[in-house]
Amino acid sequence: MDSLPCHFRCPISMELMKEPVTISTGVTYERKNIEKWFFTYKKKTCPATMQSIENFGIIPNHTLKRLIVSWQSNEDSKSSCSSPSSSQSQPCPSAKHDEIQALLSTIVSSPFKVNSIKKLRSIIEIDDEMKDDFIQSNGVEVLVQILDQTIMDSSDFVTFRACEEALCVLHQLPISEEGKTFELLSKQESTRSMAIMLQRGSAEARLHTITIFRKMAKTEYDWSFIVQDQGIDFFKSLLELVSDEICSKASSCALEVLIEMLRASKKNRLRAIEAGAVCVLIELLQDSNRSKCEKMLHLIKLLCEYAEGRQALVDHGMGIVAITQKMLHVSNAATKIGVKIIWLVCNFHPTERVLEEMLMYGSVKKLLALLHMDGRSSTKDKVVKIFKMHGNSWKQYPCFPYDLKEYLGFVNDSS
């Protein structure tokens with residue numbers, strides 16, 4: 001009992017709680033003790049705070065009860081570890097186990113959670129052993145409950161700050177499809193809370209939230225609920241992060257999340273187009289580094305696989321220009337994706353204006369340069385198909401170089 005965390009004790013009896021319940025002031029007591037206080041002694045105050053009470057309802061605190069059970073189990077485990085006859089395979093609690101348990105119990109039973117979560121954050125940053133101990137101690141469940149409270153009252157500053165700090169802890173944890181962390185974070189209430197945080201949280205909280213979403217995107221997570229629940233607002237939040245010039249990590253994570261979401265379904269792509277994804281990506285493309293450029297081009301290609309995406313690309317004054325500039329300039333991967341985008345437009349949206357822009361802005365010249373590549377590739381095959389479709393149209397323009405006309409004639413003859 002000497003090592004019993006104070007928040008596992010009933011404030012009335014100071015004994016370990018077996019059936020913890022929470023009253024309207026947010027303080028938790030042993031059920032039999034608080035019922036006796038209210039209904040036998042006819043008291044109308046909170047024993048711990050002495051606040052006057054009008055609502056005498058009591059709510060079972062299941063999370064704290066699980067923490068108490070976990071603490072008792074770990075105490076038994078420590079006893080076993082110290083025993084010479086204990087099994088060598090039995091895991092022992094970490095050096096900070098008691099502190100983790102005490103902080104979790106404080107978070108559950110106290111309305112003032114932020115400082116305790118900050119201390120918890122500093123502990124689990126130490127190493128993987130602390131993270132494992134935190135997960136085994138039902139820590140994820142405790143913090144996810146804080147996320148869920150944001151849905152009920154997102155206007156409450158204290159609750160919102162606690163949610164931001166909870167995300168600071170949760171983003172450090174490993175997330176796998178079979179793990180407990182993924183199971184809890186992928187619940188509808190949790191994803192809705194994180195979507196709210198993505199829209200309204202601080203820069204740090206938004207970074208931590210998008211980091212969690214990126215880890216979830218690497219699993220087989222089904223995005224259908226969050227897309228249906230949040231609509232295009234969710235995509236707008238992701239695009240805002242993509243546009244973040246200060247935090248490149250948040251921008252990169254948002255791009256990866258978008259790629260996985262757009263791969264998943266046509267509906268997601270149409271929502272992204274509606275949110276203005278094509279315009280945002282085109283405008284960011286020019287100043288992007290190699291890694292981001294390839295991801296942005298990949299997203300534009302996914303969007304251009306549908307008519308709405310192609311229309312958004314050609315309607316943007318810099319659409320064809322932006323794609324053309326990155327071909328043969330960034331990387332082989334960027335060139336390959338760029339050609340695929342041009343091919344999609346040429347195949348499904350070959351208006352006279354679009355074909356003229358391709359000639360004026362250098363697309364045709366770069367496509368011809370790609371024909372000089374040695375060997376055969378899917379990229380080169382697409383270029384040949386493009387010239388089969390539109391080579392004769394381009395030859396009609398007076399600005400088309402004469403030597404290219406001869407080469408183009410050779411291409412058409414050989415194809």
# chains A, B, ... in the order shown; residues from 1 in each chain; ligands from 1
>>> select_by_dssp(residues="range 223-381 of chain A", states="alpha helix (DSSP H)", output="number ranges by chain")
A: 224-230, 232-242, 248-264, 266-274, 277-285, 290-304, 307-315, 319-326, 332-348, 352-360, 363-370, 378-381
>>> write_last_selection(atoms="C-alpha atoms", output="compact mmCIF listing (two decimals), in the first residue's frame")
# COMPACT_ATOMS: atom_id res chain seq x y z
CA SER A 224 -14.67 6.28 -45.85
CA PHE A 225 -16.02 7.39 -42.45
CA ILE A 226 -13.84 10.46 -42.08
CA VAL A 227 -14.49 11.52 -45.70
CA GLN A 228 -18.24 11.12 -45.23
CA ASP A 229 -18.20 12.80 -41.82
CA GLN A 230 -15.95 15.77 -42.65
CA ILE A 232 -14.29 18.50 -48.39
CA ASP A 233 -13.30 20.35 -45.20
CA PHE A 234 -10.97 17.46 -44.38
CA PHE A 235 -9.28 17.75 -47.78
CA LYS A 236 -9.01 21.52 -47.38
CA SER A 237 -7.23 20.97 -44.04
CA LEU A 238 -4.79 18.57 -45.70
CA LEU A 239 -4.16 21.00 -48.56
CA GLU A 240 -3.46 23.80 -46.06
CA LEU A 241 -0.77 21.61 -44.54
CA VAL A 242 0.62 20.77 -47.98
CA SER A 248 8.15 20.90 -44.27
CA LYS A 249 7.55 17.74 -42.24
CA ALA A 250 3.83 18.51 -41.89
CA SER A 251 3.64 19.28 -45.61
CA SER A 252 5.36 16.01 -46.54
CA CYS A 253 3.12 13.96 -44.22
CA ALA A 254 -0.01 15.58 -45.67
CA LEU A 255 1.13 14.68 -49.20
CA GLU A 256 1.61 11.05 -48.18
CA VAL A 257 -1.82 10.92 -46.54
CA LEU A 258 -3.43 12.39 -49.66
CA ILE A 259 -1.70 9.85 -51.90
CA GLU A 260 -3.01 6.92 -49.85
CA MET A 261 -6.51 8.44 -49.66
CA LEU A 262 -6.73 9.12 -53.39
CA ARG A 263 -5.47 5.65 -54.22
CA ALA A 264 -8.28 4.22 -52.12
CA LYS A 266 -12.77 7.55 -56.85
CA LYS A 267 -14.99 9.31 -54.33
CA ASN A 268 -11.94 10.58 -52.46
CA ARG A 269 -10.45 11.95 -55.68
CA LEU A 270 -13.63 13.79 -56.59
CA ARG A 271 -13.80 15.33 -53.10
CA ALA A 272 -10.18 16.43 -53.38
CA ILE A 273 -10.85 18.03 -56.78
CA GLU A 274 -13.86 19.80 -55.30
CA ALA A 277 -6.48 20.15 -54.93
CA VAL A 278 -5.43 20.50 -58.58
CA CYS A 279 -5.03 24.29 -58.36
CA VAL A 280 -3.15 24.12 -55.05
CA LEU A 281 -0.73 21.47 -56.33
CA ILE A 282 -0.02 23.28 -59.60
CA GLU A 283 0.80 26.50 -57.79
CA LEU A 284 3.10 24.73 -55.32
CA LEU A 285 4.84 22.63 -57.95
CA ARG A 290 12.57 16.78 -55.72
CA SER A 291 10.75 14.63 -53.15
CA LYS A 292 7.72 16.89 -52.89
CA CYS A 293 7.63 17.47 -56.63
CA GLU A 294 7.36 13.73 -57.31
CA LYS A 295 4.58 13.36 -54.73
CA MET A 296 2.66 16.35 -56.09
CA LEU A 297 2.95 15.07 -59.66
CA HIS A 298 1.74 11.68 -58.48
CA LEU A 299 -1.31 13.32 -56.89
CA ILE A 300 -2.04 15.35 -60.03
CA LYS A 301 -1.81 12.16 -62.08
CA LEU A 302 -4.31 10.41 -59.79
CA LEU A 303 -6.70 13.36 -60.09
CA CYS A 304 -6.28 13.57 -63.88
CA ALA A 307 -12.53 14.05 -66.24
CA GLU A 308 -13.03 16.57 -63.43
CA GLY A 309 -9.33 16.52 -62.63
CA ARG A 310 -8.27 16.96 -66.25
CA GLN A 311 -10.70 19.84 -66.64
CA ALA A 312 -9.27 21.54 -63.53
CA LEU A 313 -5.75 21.14 -64.92
CA VAL A 314 -6.43 22.64 -68.34
CA ASP A 315 -8.60 25.41 -66.86
CA GLY A 319 -1.45 23.79 -65.61
CA ILE A 320 0.31 22.63 -68.80
CA VAL A 321 3.28 24.93 -68.11
CA ALA A 322 3.87 23.57 -64.60
CA ILE A 323 3.85 19.94 -65.72
CA THR A 324 6.08 20.66 -68.73
CA GLN A 325 8.70 22.48 -66.64
CA LYS A 326 9.22 19.42 -64.44
CA ASN A 332 13.30 10.19 -64.16
CA ALA A 333 10.32 9.50 -61.89
CA ALA A 334 9.01 13.06 -62.29
CA THR A 335 9.41 12.85 -66.08
CA LYS A 336 7.57 9.53 -66.22
CA ILE A 337 4.63 10.90 -64.20
CA GLY A 338 4.64 14.15 -66.21
CA VAL A 339 4.36 12.23 -69.48
CA LYS A 340 1.49 10.18 -68.03
CA ILE A 341 -0.38 13.41 -67.16
CA ILE A 342 0.21 14.89 -70.64
CA TRP A 343 -0.90 11.58 -72.19
CA LEU A 344 -4.14 11.60 -70.14
CA VAL A 345 -4.90 15.15 -71.28
CA CYS A 346 -4.02 14.41 -74.93
CA ASN A 347 -6.09 11.24 -74.91
CA PHE A 348 -9.24 12.51 -73.19
CA GLU A 352 -7.44 23.04 -79.82
CA ARG A 353 -6.41 25.44 -77.05
CA VAL A 354 -4.75 22.69 -75.02
CA LEU A 355 -2.79 21.37 -78.03
CA GLU A 356 -1.69 24.92 -78.84
CA GLU A 357 -0.50 25.47 -75.26
CA MET A 358 1.53 22.27 -75.41
CA LEU A 359 3.30 23.55 -78.50
CA MET A 360 3.82 27.09 -77.17
CA SER A 363 5.61 20.25 -74.07
CA VAL A 364 5.93 19.04 -77.65
CA LYS A 365 9.65 19.83 -77.75
CA LYS A 366 10.27 17.82 -74.56
CA LEU A 367 8.17 14.94 -75.82
CA LEU A 368 10.27 14.84 -78.99
CA ALA A 369 13.45 14.86 -76.87
CA LEU A 370 12.15 11.79 -75.06
CA SER A 378 6.33 2.61 -71.23
CA THR A 379 7.09 6.33 -71.15
CA LYS A 380 8.46 6.32 -74.68
CA ASP A 381 5.48 4.28 -75.86
>>> residues_around(residues="Val69 in chain A", least_positions_apart="4", cutoff="12 Å", atoms="only C-alpha atoms", output="compact mmCIF listing (two decimals) with N, CA, C and O atoms, in the first residue's frame")
# COMPACT_ATOMS: atom_id res chain seq x y z
N PHE A 8 -5.36 6.54 -6.93
CA PHE A 8 -6.07 5.27 -6.85
C PHE A 8 -6.79 5.14 -5.51
O PHE A 8 -7.55 4.21 -5.29
N LEU A 16 -7.64 1.90 -1.47
CA LEU A 16 -7.67 1.58 -2.89
C LEU A 16 -9.12 1.41 -3.35
O LEU A 16 -9.90 0.69 -2.73
N MET A 17 -9.45 2.10 -4.45
CA MET A 17 -10.83 2.02 -4.96
C MET A 17 -11.03 0.72 -5.73
O MET A 17 -10.18 0.31 -6.53
N LYS A 18 -12.15 0.09 -5.49
CA LYS A 18 -12.52 -1.12 -6.20
C LYS A 18 -13.60 -0.85 -7.25
O LYS A 18 -13.68 -1.53 -8.26
N GLU A 19 -14.44 0.15 -6.98
CA GLU A 19 -15.51 0.53 -7.91
C GLU A 19 -15.54 2.05 -8.03
O GLU A 19 -16.41 2.71 -7.47
N PRO A 20 -14.56 2.63 -8.74
CA PRO A 20 -14.48 4.09 -8.81
C PRO A 20 -15.62 4.70 -9.63
O PRO A 20 -15.97 4.20 -10.69
N HIS A 62 -14.68 3.65 -15.73
CA HIS A 62 -14.13 2.36 -16.18
C HIS A 62 -12.64 2.46 -16.50
O HIS A 62 -11.90 1.50 -16.28
N THR A 63 -12.24 3.59 -17.02
CA THR A 63 -10.82 3.75 -17.38
C THR A 63 -9.94 3.67 -16.15
O THR A 63 -8.91 2.99 -16.14
N LEU A 64 -10.33 4.38 -15.09
CA LEU A 64 -9.54 4.34 -13.85
C LEU A 64 -9.55 2.93 -13.26
O LEU A 64 -8.52 2.47 -12.75
N LYS A 65 -10.66 2.26 -13.36
CA LYS A 65 -10.72 0.90 -12.82
C LYS A 65 -9.74 -0.01 -13.56
O LYS A 65 -9.04 -0.82 -12.94
N SER A 73 -1.75 -5.73 -11.32
CA SER A 73 -1.10 -6.80 -12.08
C SER A 73 0.40 -6.57 -12.18
O SER A 73 1.20 -7.50 -12.03
N ASN A 74 0.79 -5.31 -12.41
CA ASN A 74 2.21 -4.99 -12.53
C ASN A 74 2.93 -5.09 -11.19
O ASN A 74 4.12 -5.42 -11.14
N GLU A 75 2.22 -4.79 -10.11
CA GLU A 75 2.82 -4.98 -8.78
C GLU A 75 3.13 -6.44 -8.55
O GLU A 75 4.18 -6.80 -8.03
N ASP A 76 2.19 -7.30 -8.97
CA ASP A 76 2.43 -8.74 -8.86
C ASP A 76 3.60 -9.15 -9.74
O ASP A 76 4.42 -10.00 -9.37
N GLN A 101 2.19 5.15 -14.06
CA GLN A 101 0.89 4.80 -13.46
C GLN A 101 0.30 5.97 -12.68
O GLN A 101 -0.89 6.27 -12.77
N SER A 105 -3.19 7.93 -13.58
CA SER A 105 -4.30 8.02 -12.62
C SER A 105 -4.67 9.47 -12.34
O SER A 105 -5.85 9.81 -12.18
N GLN A 136 1.09 -0.83 -22.29
CA GLN A 136 0.63 -1.92 -21.43
C GLN A 136 -0.16 -1.42 -20.24
O GLN A 136 -1.00 -2.14 -19.69
N SER A 137 0.09 -0.18 -19.85
CA SER A 137 -0.61 0.39 -18.69
C SER A 137 -1.93 1.07 -19.08
O SER A 137 -2.48 1.85 -18.31
N ASN A 138 -2.42 0.76 -20.30
CA ASN A 138 -3.67 1.35 -20.80
C ASN A 138 -3.58 2.86 -21.01
O ASN A 138 -4.58 3.56 -20.96
>>> residues_around(residues="range 141-143 of chain A", least_positions_apart="6", cutoff="8 Å", atoms="only C-alpha atoms", output="list in words")
Thr63, Leu104, Ile107, Val108, Cys163, Ala166, Leu170 and Leu184 of chain A
>>> residues_around(residues="range 188-200 of chain A", least_positions_apart="3", cutoff="6 Å", atoms="only C-alpha atoms", output="PyMOL selection string")
chain A and resi 147-148+151+185+206+237
>>> residues_around(residues="Ser116 in chain A", least_positions_apart="4", cutoff="9 Å", atoms="only C-alpha atoms", output="PyMOL selection string")
chain A and resi 103-104+106-107+112+120-121
>>> closest_residue(among="A:Leu328, A:Val114, A:Tyr29, A:Pro5", to="His97 in chain A", atoms="only C-alpha atoms")
A:Pro5
